[in-house]
file data-v1.cif (mmCIF, C-alpha atoms)
data_query
loop_
_atom_site.label_atom_id
_atom_site.label_comp_id
_atom_site.auth_asym_id
_atom_site.auth_seq_id
_atom_site.Cartn_x
_atom_site.Cartn_y
_atom_site.Cartn_z
CA MET A 1 -24.52 -9.82 49.62
CA MET A 2 -23.89 -10.43 45.92
CA SER A 3 -21.46 -13.13 44.85
CA VAL A 4 -18.66 -12.49 42.36
CA THR A 5 -20.45 -14.55 39.71
CA GLU A 6 -23.65 -12.56 40.09
CA GLY A 7 -21.74 -9.31 39.79
CA ALA A 8 -19.99 -10.52 36.65
CA GLN A 9 -23.28 -11.62 35.13
CA ARG A 10 -24.84 -8.25 35.86
CA GLN A 11 -21.95 -6.59 34.07
CA GLY A 12 -22.60 -8.76 31.01
CA ARG A 13 -19.70 -11.17 31.53
CA THR A 14 -19.61 -14.65 32.89
CA GLY A 15 -16.50 -16.55 33.82
CA HIS A 16 -16.53 -18.21 30.37
CA ASP A 17 -16.65 -15.10 28.18
CA ALA A 18 -13.44 -13.57 26.89
CA PRO A 19 -12.89 -9.87 27.52
CA VAL A 20 -13.68 -7.60 24.60
CA TRP A 21 -10.06 -6.51 24.20
CA TRP A 22 -8.96 -10.15 23.90
CA THR A 23 -11.53 -10.85 21.18
CA ARG A 24 -10.45 -7.74 19.28
CA LEU A 25 -6.77 -8.66 19.64
CA GLN A 26 -7.44 -12.14 18.28
CA ALA A 27 -9.35 -10.66 15.33
CA ALA A 28 -6.53 -8.21 14.57
CA LEU A 29 -3.92 -10.96 14.77
CA GLY A 30 -6.06 -13.08 12.45
CA ARG A 31 -6.20 -10.25 9.91
CA ILE A 32 -2.43 -9.78 10.11
CA ALA A 33 -1.85 -13.50 9.62
CA ALA A 34 -4.20 -13.56 6.61
CA PHE A 35 -2.45 -10.53 5.09
CA ARG A 36 0.97 -12.13 5.53
CA ALA A 37 -0.23 -15.43 4.06
CA ALA A 38 -1.64 -13.62 1.02
CA ARG A 39 1.61 -11.69 0.60
CA ARG A 40 3.63 -14.92 0.73
CA GLN A 41 1.32 -16.48 -1.85
CA ARG A 42 1.75 -13.49 -4.18
CA ALA A 43 5.54 -13.77 -3.80
CA ARG A 44 5.40 -17.48 -4.68
CA ASP A 45 3.16 -16.76 -7.68
CA PHE A 46 5.49 -14.01 -8.85
CA GLN A 47 8.50 -16.31 -8.53
CA THR A 48 6.72 -19.04 -10.45
CA LEU A 49 5.75 -16.74 -13.32
CA SER A 50 9.21 -15.17 -13.32
CA ASP A 51 10.72 -18.62 -13.80
CA PHE A 52 8.67 -19.17 -16.96
CA THR A 53 10.38 -18.64 -20.29
CA ASP A 54 9.09 -15.93 -22.61
CA ARG A 55 7.54 -18.66 -24.76
CA GLN A 56 5.68 -20.17 -21.80
CA LEU A 57 4.38 -16.73 -20.80
CA TRP A 58 3.28 -16.11 -24.39
CA ASP A 59 1.42 -19.44 -24.38
CA ILE A 60 -0.69 -18.30 -21.41
CA GLY A 61 -1.22 -14.85 -22.93
CA LEU A 62 1.25 -12.81 -20.90
CA SER A 63 4.47 -10.99 -21.58
CA ARG A 64 7.25 -10.50 -19.07
CA SER A 65 6.03 -6.97 -18.34
CA ASP A 66 2.52 -8.28 -17.55
CA VAL A 67 3.62 -10.56 -14.69
CA GLN A 68 3.41 -7.93 -11.95
CA GLY A 69 -0.05 -6.82 -13.06
CA ALA A 70 -1.26 -10.42 -13.25
CA ILE A 71 -0.10 -11.01 -9.67
CA LYS A 72 -1.67 -7.81 -8.34
CA GLY A 73 -4.92 -8.48 -10.21
CA THR A 74 -4.72 -5.29 -12.24
CA TYR A 75 -3.82 -6.93 -15.56
CA ARG A 76 -6.34 -6.43 -18.35
CA ARG A 77 -6.12 -7.98 -21.74
CA ASP A 78 -7.09 -5.34 -24.30
#
call {"tool": "encode", "arguments": {"input": "data-v1.cif", "output": "structure tokens"}}
result
Amino acid sequence: MMSVTEGAQRQGRTGHDAPVWWTRLQAALGRIAAFRAARRQRARDFQTLSDFTDRQLWDIGLSRSDVQGAIKGTYRRD
């Protein structure tokens, strides 16, 4: 008669391995957390640049209309 541990090992899982669905769920939750953290950072960056005066923006080479593009990473200086 086969023990439970032997059966689990034959199926490719030991008592210490996480199920595949759990690993995938953790990975998905990690991606969601990273996306939300990046979105919060962009919001903070936008708020910071929005608080600058026009003169301060000009000093760093931006205008008020360039702020959104600078945050998104699509701004190009021509």
call {"tool": "residues_around", "arguments": {"input": "data-v1.cif", "residues": "range 35-50 of chain A", "least_positions_apart": "3", "cutoff": "8 Å", "atoms": "all atoms listed in the file", "output": "list in words"}}
result
Arg31, Ile32, Thr53, Leu57, Arg64, Val67, Gln68, Ile71 and Lys72 of chain A
call {"tool": "resolve_selection", "arguments": {"input": "data-v1.cif", "expression": "the PyMOL selection byres ((chain A and resi 78) around 12)", "output": "mmCIF file with C-alpha atoms, in the frame of the given file"}}
result
data_model
loop_
_atom_site.group_PDB
_atom_site.id
_atom_site.type_symbol
_atom_site.label_atom_id
_atom_site.label_comp_id
_atom_site.auth_asym_id
_atom_site.auth_seq_id
_atom_site.Cartn_x
_atom_site.Cartn_y
_atom_site.Cartn_z
ATOM 1 C CA GLY A 61 -1.220 -14.850 -22.930
ATOM 2 C CA LEU A 62 1.250 -12.810 -20.900
ATOM 3 C CA TYR A 75 -3.820 -6.930 -15.560
ATOM 4 C CA ARG A 76 -6.340 -6.430 -18.350
ATOM 5 C CA ARG A 77 -6.120 -7.980 -21.740
#
call {"tool": "atom_distance", "arguments": {"input": "data-v1.cif", "atom1": "CA of Ala34 in chain A", "atom2": "CA of Asp51 in chain A"}}
result
25.8 Å
call {"tool": "axis_aligned_box", "arguments": {"input": "data-v1.cif", "around": "range 49-52 of chain A", "padding_each_side": "5 Å", "output": "lines of an AutoDock Vina configuration file"}}
result
center_x = 8.2
center_y = -17.2
center_z = -15.1
size_x = 15.0
size_y = 14.0
size_z = 13.6
call {"tool": "atom_distance", "arguments": {"input": "data-v1.cif", "atom1": "CA of Ala33 in chain A", "atom2": "CA of Ala70 in chain A"}}
result
23.1 Å
